[in-house]
Amino acid sequence: MTDSHLTRRTLLRYGAYGAGAAALAGTAASWDRLTGADIPGRDDGSLVVATLGPAYGPEAIRTLTEGFKKVHPDIKLRINAVQAVDWSDFFAKILTQIAAGTAPDLVYVATEGVQLFAQRLGVPLDRWVKRDAEELREYFADVHPSLVESMMYEGSLYQLPVEFNAADIYLNNEVLKRAGADFPAADWTRDDFTALLRDMKKASGSQFTPYFWTNRLWGGVVPWLFANDTNLLSESKAPGGAWLWDSFYPAAQRQGRGGGFRWTTPQATDARVEEAYDYLASLIQEDLCNRPEGGNGQNLIGVFSTGRVGVTPAGGFWAGGLHLAGMEAGGFDTQYFPRWRTQRMQFGAAGYALLRTSKRQDEAWEFIKYAARRDTLMRLFKTNQTTPARRSMLTADRYRETGPDRWQVFYDTLDKFPDTGPIPAPPQVAEVEQVLLKHTGTALASRRAVAPALRRMQSDLEKAMERDV
């Protein structure tokens with residue numbers, strides 16, 4: 001996870017599965033047929049870890065392999081940095097490996113795929129966590145329980161989170177100055193946000209966009225749904241998980257925790273969902289924000305750093321990204337997403353999922369633990385290309401060169417807003433996201449288009465959620 005990790009984080013946070021996830025869902029249903037037998041001669045005795053190529057440059061692979069060898073000289077490790085343009089392409093290539101009988105032992109999986117992998121392909125980590133509880137106590141004390149809970153499914157833990165990104169708000173300081181606006185307070189409201197966009201628009205030319213966002217599951221319309229105290233799908237907690245919470249977290253932090261999230265009944269026609277879409281449509285109508293765009297948002301760093309965009313939702317990964325783009329540390333800053341009915345925010349996290357077909361599950365567990373160690377993550381995340389899952393890693397020294405000044409926002413999004421939760425990602429996430437993207441674009445064509453588009457979205461979501469992945 002070197003500088004090239006920026007591209008991967010940008011792709012992840014402004015994009016998700018697409019066709020690759022649909023393929024993954026279909027392949028998962030045929031798992032037994034695909035993995036009934038291995039191909040002789042393909043196994044060299046290595047523990048194989050698959051990750052998206054841009055996330056792991058040569059330096060990162062060397063850091064992981066050499067460091068792991070020092071701790072476990074008896075385990076041969078091979079990291080396959082699969083060269084892919086995005087997550088959908090990555091998973092399509094992983095599926096090809098599975099079909100060929102050369103499945104990796106571990107796959108790096110983001111929130112979008114946690115439940116899909118857990119349901120069909122993954123191995124719960126419960127027995128190892130219980131066995132190595134004393135060794136892991138320091139890890140859990142350093143990682144927010146919301147991140148851990150996002151990696152649980154039906155009472156079991158499937159991944160140890162190593163990184164996350166919440167959809168906070170980035171603001172261009174030069175644009176603020178041009179508009180004569182003060183930096184927003186932590187408890188700013190939706191109305192404050194709208195007023196700021198208007199001030200920015202008045203002070204800038206016709207080529208300026210006050211608020212830019214990308215039509216994706218992470219950082220798209222979902223933060224506005226959360227802020228308006230609603231969600232795309234009804235949300236609840238699975239029972240269970242006490243084995244973990246009682247062992248590693250004090251009473252105050254484990255209160256209300258369960259065995260993972262459940263996203264079930266579609267609610268696109270809920271009044272608050274419609275209200276959130278109508279608000280975004282009003283911003284577009286007033287020329288205060290862009291029409292929802294697809295793609296991965298790669299061009300956004302350029303237009304933000306040059307002052308053609310004033311405000312955008314992004315996570316800690318952008319601190320390193322803007323720095324690499326040549327933006328000075330004082331040229332931008334971050335704030336929490338504005339309050340509406342609530343100030344609940346959303347995040348996505350990532351970690352390593354262990355596949356059921358692995359013949360080296362105990363060795364794989366040792367890698368999972370090693371990859372979550374603080375010293376390992378300190379070496380991997382040098383350039384602030386993501387937000388470390390470990391709270392202790394977020395320090396003034398870490399952000400001194402890259403910025404922002406309010407770097408505390410990244411982890412405080414969890415610490416100060418404990419109801420902040422993961423993006424809605426059920427096992428049917430591929431179809432759910434495709435429905436969301438399709439109808440969001442239609443809904444925001446005009447304010448009159450919102451209600452009929454959401455009715456169609458509701459119908460398509462119901463069909464998607466009825467399908468067994």
# chains A, B, ... in the order shown; residues from 1 in each chain; ligands from 1

$ residues_around --residues "Val303 (chain A)" --least-positions-apart "6" --cutoff "10 Å" --atoms "only C-alpha atoms" --output "list in words"
Phe208, Thr209, Phe212, Val309 and Gly310 of chain A

$ write_last_selection --atoms "N, CA, C and O atoms" --output "PDB file, in the first residue's frame"
ATOM      1  N   PHE A 208     -17.214  26.892 -11.889  1.00  0.00           N
ATOM      2  CA  PHE A 208     -17.024  26.423 -10.505  1.00  0.00           C
ATOM      3  C   PHE A 208     -18.228  25.607 -10.052  1.00  0.00           C
ATOM      4  O   PHE A 208     -19.379  25.948 -10.330  1.00  0.00           O
ATOM      5  N   THR A 209     -17.970  24.504  -9.333  1.00  0.00           N
ATOM      6  CA  THR A 209     -19.014  23.657  -8.754  1.00  0.00           C
ATOM      7  C   THR A 209     -18.852  23.650  -7.242  1.00  0.00           C
ATOM      8  O   THR A 209     -17.864  23.105  -6.730  1.00  0.00           O
ATOM      9  N   PHE A 212     -19.367  18.723  -5.158  1.00  0.00           N
ATOM     10  CA  PHE A 212     -19.219  17.656  -6.140  1.00  0.00           C
ATOM     11  C   PHE A 212     -19.341  16.316  -5.436  1.00  0.00           C
ATOM     12  O   PHE A 212     -18.742  16.095  -4.389  1.00  0.00           O
ATOM     13  N   VAL A 309     -13.729  23.080  -7.470  1.00  0.00           N
ATOM     14  CA  VAL A 309     -14.727  22.458  -6.598  1.00  0.00           C
ATOM     15  C   VAL A 309     -14.443  22.934  -5.189  1.00  0.00           C
ATOM     16  O   VAL A 309     -13.285  23.005  -4.760  1.00  0.00           O
ATOM     17  N   GLY A 310     -15.490  23.272  -4.447  1.00  0.00           N
ATOM     18  CA  GLY A 310     -15.289  23.799  -3.106  1.00  0.00           C
ATOM     19  C   GLY A 310     -15.392  22.764  -2.011  1.00  0.00           C
ATOM     20  O   GLY A 310     -14.634  22.791  -1.032  1.00  0.00           O
TER      21      GLY A 310
END

$ residues_around --residues "region 442-447 of chain A" --least-positions-apart "5" --cutoff "8 Å" --atoms "only C-alpha atoms" --output "MDAnalysis selection string"
chainID A and resid 277:278 280:282 284:285 291:292 452:454

$ select_by_dssp --residues "region 78-248 of chain A" --states "strand (DSSP E or B)" --output "count of residues only"
35

$ residues_around --residues "region 383-398 of chain A" --least-positions-apart "5" --cutoff "7 Å" --atoms "only C-alpha atoms" --output "MDAnalysis selection string"
chainID A and resid 3 5:6 142:143 161:165 316:321 411

$ select_by_dssp --residues "region 59-304 of chain A" --states "helix (DSSP H, G or I)" --output "MDAnalysis selection string"
chainID A and resid 59:71 87:99 111:120 126:131 133:141 145:150 173:179 190:202 222:227 242:248 251:254 271:285 300:304

$ atom_distance --atom1 "CA of Ala60 (chain A)" --atom2 "CA of Lys369 (chain A)"
16.9 Å

$ closest_residue --among "A:Val48, A:Ala186, A:Ala227, A:Val435" --to "Glu462 (chain A)" --atoms "only C-alpha atoms"
A:Val435

$ atom_distance --atom1 "CA of Trp263 (chain A)" --atom2 "CA of Gln115 (chain A)"
10.3 Å

$ closest_residue --among "A:Ala133, A:Ala242, A:Ile61, A:Val273" --to "Phe226 (chain A)" --atoms "only C-alpha atoms"
A:Val273

$ closest_atom_pairs --of "region 360-454 of chain A" --to "region 328-334 of chain A" --cutoff "12 Å" --atoms "only C-alpha atoms" --output "CSV"
residue,atom,partner,partner_atom,distance
A:Arg398,CA,A:Ala329,CA,12.0
A:Tyr399,CA,A:Ala329,CA,8.4
A:Arg400,CA,A:Ala329,CA,7.7
A:Glu401,CA,A:Ala329,CA,6.4
A:Thr402,CA,A:Ala329,CA,5.0
A:Gly403,CA,A:Ala329,CA,4.2
A:Pro404,CA,A:Asp333,CA,4.9
A:Asp405,CA,A:Asp333,CA,6.2
A:Arg406,CA,A:Thr334,CA,6.0
A:Trp407,CA,A:Thr334,CA,7.3
A:Gln408,CA,A:Thr334,CA,9.2
A:Val409,CA,A:Thr334,CA,6.9
A:Phe410,CA,A:Thr334,CA,8.4
A:Tyr411,CA,A:Thr334,CA,11.9
A:Asp412,CA,A:Thr334,CA,11.7
A:Thr413,CA,A:Thr334,CA,11.2

$ closest_residue --among "A:Ser234, A:Thr342, A:Thr312, A:Gln458" --to "Leu171 (chain A)" --atoms "only C-alpha atoms"
A:Thr312

$ atom_distance --atom1 "CA of Ala185 (chain A)" --atom2 "CA of Ala203 (chain A)"
20.9 Å

$ residues_around --residues "Ile169 (chain A)" --least-positions-apart "5" --cutoff "8 Å" --atoms "only C-alpha atoms" --output "compact mmCIF listing (two decimals) with C-alpha atoms, in the first residue's frame"
# COMPACT_ATOMS: atom_id res chain seq x y z
CA VAL A 311 -16.66 20.88 -1.09
CA THR A 312 -16.75 17.11 -1.51
CA PRO A 313 -17.24 14.01 0.66
CA ALA A 314 -14.07 11.96 1.11
CA GLY A 315 -12.22 9.96 3.74
CA THR A 334 -11.92 18.50 6.87
CA GLN A 335 -15.11 18.61 8.89
CA TYR A 336 -17.84 16.17 9.86
CA PHE A 337 -20.74 15.65 7.51

$ residues_around --residues "Glu274 (chain A)" --least-positions-apart "6" --cutoff "8 Å" --atoms "only C-alpha atoms" --output "ChimeraX atom specification"
/A:268,450-451,454

$ closest_residue --among "A:Lys237, A:Arg127, A:Lys382, A:Arg456" --to "Leu436 (chain A)" --atoms "only C-alpha atoms"
A:Arg456
